[in-house]
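J.: Got a structure for you, run38.cif, holding mmCIF, C-alpha atoms and all ligand atoms.
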```cif
data_start
loop_
_atom_site.group_PDB
_atom_site.id
_atom_site.type_symbol
_atom_site.label_atom_id
_atom_site.label_comp_id
_atom_site.auth_asym_id
_atom_site.auth_seq_id
_atom_site.Cartn_x
_atom_site.Cartn_y
_atom_site.Cartn_z
ATOM 1 C CA MET A 25 0.000 0.000 0.000
ATOM 2 C CA GLY A 26 2.895 2.346 0.682
ATOM 3 C CA PRO A 27 3.414 5.274 3.036
ATOM 4 C CA LYS A 28 0.838 8.084 3.149
ATOM 5 C CA LYS A 29 3.306 10.547 1.586
ATOM 6 C CA GLN A 30 3.171 8.453 -1.572
ATOM 7 C CA ARG A 31 -0.524 7.633 -1.421
ATOM 8 C CA ILE A 32 -1.762 11.212 -1.056
ATOM 9 C CA ARG A 33 -1.163 12.239 -4.715
ATOM 10 C CA PRO A 34 -3.044 9.364 -6.352
ATOM 11 C CA ILE A 35 -5.782 9.680 -3.711
ATOM 12 C CA ILE A 36 -6.322 13.333 -4.653
ATOM 13 C CA GLU A 37 -6.085 12.739 -8.382
ATOM 14 C CA ARG A 38 -8.454 9.790 -8.502
ATOM 15 C CA LEU A 39 -11.024 11.441 -6.259
ATOM 16 C CA ALA A 40 -10.847 14.609 -8.359
ATOM 17 C CA ALA A 41 -11.519 12.589 -11.512
ATOM 18 C CA GLU A 42 -14.374 10.728 -9.823
ATOM 19 C CA HIS A 43 -16.001 13.818 -8.257
ATOM 20 C CA ALA A 44 -15.317 16.529 -10.830
ATOM 21 C CA ASP A 45 -18.369 18.408 -9.574
ATOM 22 C CA ALA A 46 -17.202 18.495 -5.966
ATOM 23 C CA ALA A 47 -17.545 22.069 -4.888
ATOM 24 C CA ILE A 48 -19.433 24.143 -2.441
ATOM 25 C CA ALA A 49 -23.115 24.195 -3.401
ATOM 26 C CA LEU A 50 -23.828 27.525 -1.741
ATOM 27 C CA ARG A 51 -24.743 30.399 -4.033
ATOM 28 C CA PHE A 52 -23.027 33.711 -3.464
ATOM 29 C CA ARG A 53 -21.793 36.679 -5.466
ATOM 30 C CA SER A 54 -19.381 38.251 -3.027
ATOM 31 C CA PRO A 55 -17.194 37.385 -0.059
ATOM 32 C CA LEU A 56 -19.804 38.912 2.227
ATOM 33 C CA GLU A 57 -22.551 36.712 0.792
ATOM 34 C CA LEU A 58 -20.296 33.685 1.098
ATOM 35 C CA LEU A 59 -19.583 34.483 4.734
ATOM 36 C CA VAL A 60 -23.293 34.794 5.498
ATOM 37 C CA SER A 61 -24.083 31.580 3.603
ATOM 38 C CA VAL A 62 -21.449 29.573 5.430
ATOM 39 C CA MET A 63 -22.648 30.895 8.772
ATOM 40 C CA LEU A 64 -26.233 29.974 7.904
ATOM 41 C CA SER A 65 -25.228 26.530 6.664
ATOM 42 C CA ALA A 66 -24.497 25.135 10.130
ATOM 43 C CA GLN A 67 -26.841 22.201 10.818
ATOM 44 C CA THR A 68 -28.731 22.514 7.543
ATOM 45 C CA THR A 69 -28.364 21.787 3.835
ATOM 46 C CA ASP A 70 -26.847 24.062 1.214
ATOM 47 C CA VAL A 71 -30.141 23.880 -0.710
ATOM 48 C CA ASN A 72 -31.996 25.232 2.300
ATOM 49 C CA VAL A 73 -29.491 28.031 2.717
ATOM 50 C CA ASN A 74 -29.737 29.021 -0.958
ATOM 51 C CA ARG A 75 -33.515 29.227 -0.683
ATOM 52 C CA VAL A 76 -33.192 31.619 2.245
ATOM 53 C CA THR A 77 -30.328 33.715 0.909
ATOM 54 C CA GLN A 78 -31.897 34.443 -2.464
ATOM 55 C CA PRO A 79 -34.329 37.048 -1.079
ATOM 56 C CA LEU A 80 -32.028 37.827 1.843
ATOM 57 C CA PHE A 81 -29.191 39.072 -0.327
ATOM 58 C CA GLU A 82 -31.536 41.333 -2.255
ATOM 59 C CA LYS A 83 -32.348 43.117 0.971
ATOM 60 C CA TYR A 84 -29.014 42.958 2.801
ATOM 61 C CA ARG A 85 -26.189 44.146 0.605
ATOM 62 C CA LYS A 86 -23.744 45.645 3.092
ATOM 63 C CA PRO A 87 -22.752 44.759 6.668
ATOM 64 C CA GLU A 88 -24.624 47.872 7.829
ATOM 65 C CA ASP A 89 -27.868 46.493 6.422
ATOM 66 C CA TYR A 90 -27.848 43.590 8.884
ATOM 67 C CA LEU A 91 -27.636 46.024 11.759
ATOM 68 C CA ALA A 92 -30.242 48.432 10.436
ATOM 69 C CA VAL A 93 -33.203 46.155 11.247
ATOM 70 C CA PRO A 94 -34.367 44.717 14.560
ATOM 71 C CA GLN A 95 -32.865 41.297 15.240
ATOM 72 C CA GLU A 96 -36.354 39.714 15.184
ATOM 73 C CA GLU A 97 -36.786 40.761 11.571
ATOM 74 C CA LEU A 98 -33.581 39.003 10.555
ATOM 75 C CA GLU A 99 -34.595 35.972 12.636
ATOM 76 C CA ARG A 100 -37.833 35.649 10.677
ATOM 77 C CA GLU A 101 -35.984 35.850 7.372
ATOM 78 C CA ILE A 102 -33.470 33.135 8.209
ATOM 79 C CA PHE A 103 -35.939 31.012 10.200
ATOM 80 C CA ALA A 104 -35.889 28.134 7.661
ATOM 81 C CA THR A 105 -32.182 27.461 8.229
ATOM 82 C CA GLY A 106 -32.818 26.496 11.870
ATOM 83 C CA PHE A 107 -31.089 27.816 14.997
ATOM 84 C CA TYR A 108 -32.297 31.170 13.730
ATOM 85 C CA ARG A 109 -31.826 33.004 17.027
ATOM 86 C CA GLN A 110 -28.183 32.061 17.432
ATOM 87 C CA LYS A 111 -27.529 32.596 13.736
ATOM 88 C CA ALA A 112 -29.144 36.033 13.668
ATOM 89 C CA LYS A 113 -27.118 37.001 16.713
ATOM 90 C CA ALA A 114 -23.896 35.643 15.216
ATOM 91 C CA LEU A 115 -24.567 37.381 11.904
ATOM 92 C CA ARG A 116 -25.119 40.726 13.550
ATOM 93 C CA GLY A 117 -22.091 40.270 15.782
ATOM 94 C CA THR A 118 -19.961 39.439 12.777
ATOM 95 C CA MET A 119 -21.241 42.411 10.793
ATOM 96 C CA ARG A 120 -20.491 44.670 13.702
ATOM 97 C CA MET A 121 -17.005 43.235 13.856
ATOM 98 C CA LEU A 122 -16.541 43.544 10.120
ATOM 99 C CA LEU A 123 -17.401 47.191 10.358
ATOM 100 C CA GLU A 124 -15.027 47.679 13.237
ATOM 101 C CA GLU A 125 -12.184 45.497 11.994
ATOM 102 C CA LEU A 126 -12.337 45.310 8.270
ATOM 103 C CA VAL A 127 -9.019 43.561 7.807
ATOM 104 C CA ARG A 128 -9.073 40.575 10.117
ATOM 105 C CA LEU A 129 -11.892 38.387 11.322
ATOM 106 C CA PRO A 130 -10.962 37.363 14.849
ATOM 107 C CA GLY A 131 -13.615 35.333 16.541
ATOM 108 C CA VAL A 132 -15.156 34.023 13.354
ATOM 109 C CA ALA A 133 -15.020 30.288 13.889
ATOM 110 C CA ARG A 134 -11.939 28.667 12.459
ATOM 111 C CA LYS A 135 -13.981 26.464 10.175
ATOM 112 C CA THR A 136 -15.938 29.389 8.753
ATOM 113 C CA ALA A 137 -12.764 31.372 8.183
ATOM 114 C CA ASN A 138 -11.167 28.417 6.393
ATOM 115 C CA VAL A 139 -14.187 27.842 4.156
ATOM 116 C CA VAL A 140 -14.364 31.497 3.194
ATOM 117 C CA ALA A 141 -10.618 31.783 2.576
ATOM 118 C CA ALA A 142 -10.614 28.612 0.485
ATOM 119 C CA GLU A 143 -13.485 29.818 -1.688
ATOM 120 C CA LEU A 144 -11.665 33.088 -2.213
ATOM 121 C CA GLY A 145 -8.713 31.091 -3.531
ATOM 122 C CA GLU A 146 -6.514 31.571 -0.481
ATOM 123 C CA PRO A 147 -6.944 28.555 1.747
ATOM 124 C CA GLN A 148 -5.427 29.107 5.182
ATOM 125 C CA GLY A 149 -5.923 25.554 6.279
ATOM 126 C CA ILE A 150 -7.988 22.455 5.576
ATOM 127 C CA VAL A 151 -11.608 22.413 6.629
ATOM 128 C CA VAL A 152 -12.294 19.373 8.803
ATOM 129 C CA ASP A 153 -15.954 18.424 9.073
ATOM 130 C CA THR A 154 -17.432 15.072 9.959
ATOM 131 C CA HIS A 155 -16.788 13.568 6.485
ATOM 132 C CA VAL A 156 -13.233 14.866 6.328
ATOM 133 C CA ARG A 157 -12.578 13.459 9.763
ATOM 134 C CA ARG A 158 -13.994 10.018 8.955
ATOM 135 C CA LEU A 159 -12.303 9.694 5.568
ATOM 136 C CA SER A 160 -8.927 10.952 6.776
ATOM 137 C CA GLN A 161 -9.050 8.326 9.472
ATOM 138 C CA ARG A 162 -10.152 5.544 7.153
ATOM 139 C CA LEU A 163 -7.551 6.477 4.571
ATOM 140 C CA GLY A 164 -4.903 6.319 7.276
ATOM 141 C CA LEU A 165 -3.938 9.977 6.867
ATOM 142 C CA THR A 166 -4.330 10.699 10.565
ATOM 143 C CA ARG A 167 -4.614 8.843 13.850
ATOM 144 C CA HIS A 168 -6.274 11.754 15.595
ATOM 145 C CA ASP A 169 -9.895 12.339 16.487
ATOM 146 C CA ASP A 170 -9.722 16.028 17.299
ATOM 147 C CA PRO A 171 -10.456 18.214 14.226
ATOM 148 C CA VAL A 172 -7.663 20.679 15.017
ATOM 149 C CA LYS A 173 -5.100 17.866 15.240
ATOM 150 C CA ILE A 174 -6.468 16.233 12.092
ATOM 151 C CA GLU A 175 -6.114 19.544 10.285
ATOM 152 C CA GLY A 176 -2.529 19.692 11.533
ATOM 153 C CA ASP A 177 -1.797 16.282 10.011
ATOM 154 C CA LEU A 178 -3.514 17.130 6.729
ATOM 155 C CA VAL A 179 -1.773 20.461 6.145
ATOM 156 C CA ARG A 180 1.553 18.711 6.546
ATOM 157 C CA LEU A 181 0.551 16.028 4.074
ATOM 158 C CA VAL A 182 -1.618 17.610 1.383
ATOM 159 C CA PRO A 183 0.135 19.929 -1.094
ATOM 160 C CA ARG A 184 -0.868 23.523 -0.434
ATOM 161 C CA ALA A 185 -2.341 23.923 -3.907
ATOM 162 C CA ASP A 186 -4.878 21.223 -2.987
ATOM 163 C CA TRP A 187 -5.942 22.589 0.402
ATOM 164 C CA GLY A 188 -9.069 24.130 -1.087
ATOM 165 C CA ARG A 189 -10.375 21.172 -3.042
ATOM 166 C CA PHE A 190 -9.213 18.349 -0.784
ATOM 167 C CA PRO A 191 -12.025 18.686 1.772
ATOM 168 C CA HIS A 192 -14.612 18.914 -1.032
ATOM 169 C CA LEU A 193 -13.256 15.695 -2.500
ATOM 170 C CA LEU A 194 -13.480 13.887 0.815
ATOM 171 C CA ILE A 195 -16.931 15.309 1.530
ATOM 172 C CA TRP A 196 -18.329 14.164 -1.814
ATOM 173 C CA HIS A 197 -16.589 10.832 -1.581
ATOM 174 C CA GLY A 198 -17.965 10.467 1.925
ATOM 175 C CA ARG A 199 -21.494 11.224 0.777
ATOM 176 C CA ARG A 200 -21.440 9.104 -2.339
ATOM 177 C CA VAL A 201 -19.162 6.170 -1.613
ATOM 178 C CA CYS A 202 -17.525 6.069 1.792
ATOM 179 C CA ASP A 203 -20.700 6.146 3.846
ATOM 180 C CA ALA A 204 -20.330 6.432 7.630
ATOM 181 C CA ARG A 205 -22.120 3.165 8.316
ATOM 182 C CA ARG A 206 -21.763 1.231 5.086
ATOM 183 C CA PRO A 207 -18.755 2.246 2.982
ATOM 184 C CA ARG A 208 -19.029 0.908 -0.562
ATOM 185 C CA CYS A 209 -15.400 -0.189 -0.830
ATOM 186 C CA GLU A 210 -16.192 -2.331 -3.869
ATOM 187 C CA ASP A 211 -17.014 0.856 -5.854
ATOM 188 C CA CYS A 212 -14.222 2.981 -4.401
ATOM 189 C CA VAL A 213 -11.571 4.395 -6.746
ATOM 190 C CA VAL A 214 -8.988 4.549 -3.976
ATOM 191 C CA SER A 215 -9.646 1.194 -2.342
ATOM 192 C CA ASP A 216 -6.136 -0.023 -3.187
ATOM 193 C CA LEU A 217 -4.749 3.062 -1.398
ATOM 194 C CA CYS A 218 -6.952 2.693 1.655
ATOM 195 C CA PRO A 219 -5.918 0.695 4.723
ATOM 196 C CA SER A 220 -9.599 0.371 5.738
ATOM 197 C CA SER A 221 -10.730 -1.139 2.450
ATOM 198 C CA ARG A 222 -12.863 -4.250 2.795
ATOM 199 C CA VAL A 223 -12.117 -5.473 -0.710
HETATM 200 S S1 LIG A 301 -11.897 1.779 0.431
HETATM 201 FE FE1 LIG A 301 -13.763 1.809 1.626
HETATM 202 S S2 LIG A 301 -13.176 2.724 3.569
HETATM 203 FE FE2 LIG A 301 -11.545 3.201 2.117
HETATM 204 S S3 LIG A 301 -12.112 5.198 1.272
HETATM 205 FE FE3 LIG A 301 -12.951 3.667 -0.077
HETATM 206 S S4 LIG A 301 -15.040 3.352 0.631
HETATM 207 FE FE4 LIG A 301 -13.921 4.384 2.280
#
```
What would the structure in this file look like if it were written as structure tokens?
T.:
Amino acid sequence: MGPKKQRIRPIIERLAAEHADAAIALRFRSPLELLVSVMLSAQTTDVNVNRVTQPLFEKYRKPEDYLAVPQEELEREIFATGFYRQKAKALRGTMRMLLEELVRLPGVARKTANVVAAELGEPQGIVVDTHVRRLSQRLGLTRHDDPVKIEGDLVRLVPRADWGRFPHLLIWHGRRVCDARRPRCEDCVVSDLCPSSRV
């Protein structure tokens, strides 16, 4: 099977060929819209978020706009994404911070910051969600369970140019092939590179 340093290239290349459409499904036209979409996407689907953001982004175009209405109004408009109270609060807090500190985004969750940076073409790290965690472990790319430590292993291993697409590849592979409960190893393009393969 070979060491992970040698397996990582073919793993990335084969998954990229298999999941050419792997990309963020959120719809956005600006970094601000992307930031809002990613924040709204916690605990819900991208489709749901897109449905909510379509009218939302017509109304809210600048950070100031999110602060110009009562929080309850924003809560109603993002209701369908769930956790609307926390999300409305977080959105307004972030907009306030954006207005105060335009350059950096301290306090924006690490994952959100990574997603946004990656979509802007400047990945600062590798986004580790539940799929990325499971697949990294199954593929023998990490022994850790903690997302921050997994990210540490992955950034050492994955070429920087692939930091943006790598999580998308694992996420799509996780959804389509390497299911949490029943991985379909017999249909997996990297089964010969995977220590957890059952075939
Ligand atoms: S071989 Fe099986 S466990 Fe390994 S990545 Fe493929 S589907 Fe997942």
J.: Of the residues A:Arg158, A:Arg109, A:Arg184, A:His43, which is the one nearest to ligand LIG 301 (chain A), using all atoms listed in the file?
T.: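 That would be A:Arg158, the residue with the smallest distance to ligand LIG 301 (chain A).
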J.: Report as a PyMOL selection string which protein, DNA and RNA residues come within 9 Å of ligand LIG 301 (chain A), using all atoms listed in the file.
T.: chain A and resi 158-160+162-164+194+197-198+201-204+206-223
J.: Please indicate the distance in Å from atom CA of A:Leu39 to atom CA of A:Thr154, rounded to one decimal place.
T.: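 Taking atom CA of A:Leu39 as the start and atom CA of A:Thr154 as the end point, the length is 17.8 Å.
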J.: With all atoms listed in the file as the atoms that count, which of A:Asn74, A:Gln110, A:Thr166, A:Gln95 lies nearest to A:Val62?
T.: A:Asn74
J.: Excluding same-chain residues fewer than 5 positions from A:Asp70, what lies within 12 Å of it counting only C-alpha atoms, as a list of chain:residue names?
T.: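 What passes the distance filter is A:Ala47, A:Ile48, A:Ala49, A:Leu50, A:Arg51, A:Phe52, A:Leu58, A:Ser61, A:Val62, A:Met63, A:Leu64, A:Ser65, A:Arg75, A:Val76, A:Thr77, A:Ala104, A:Thr105.
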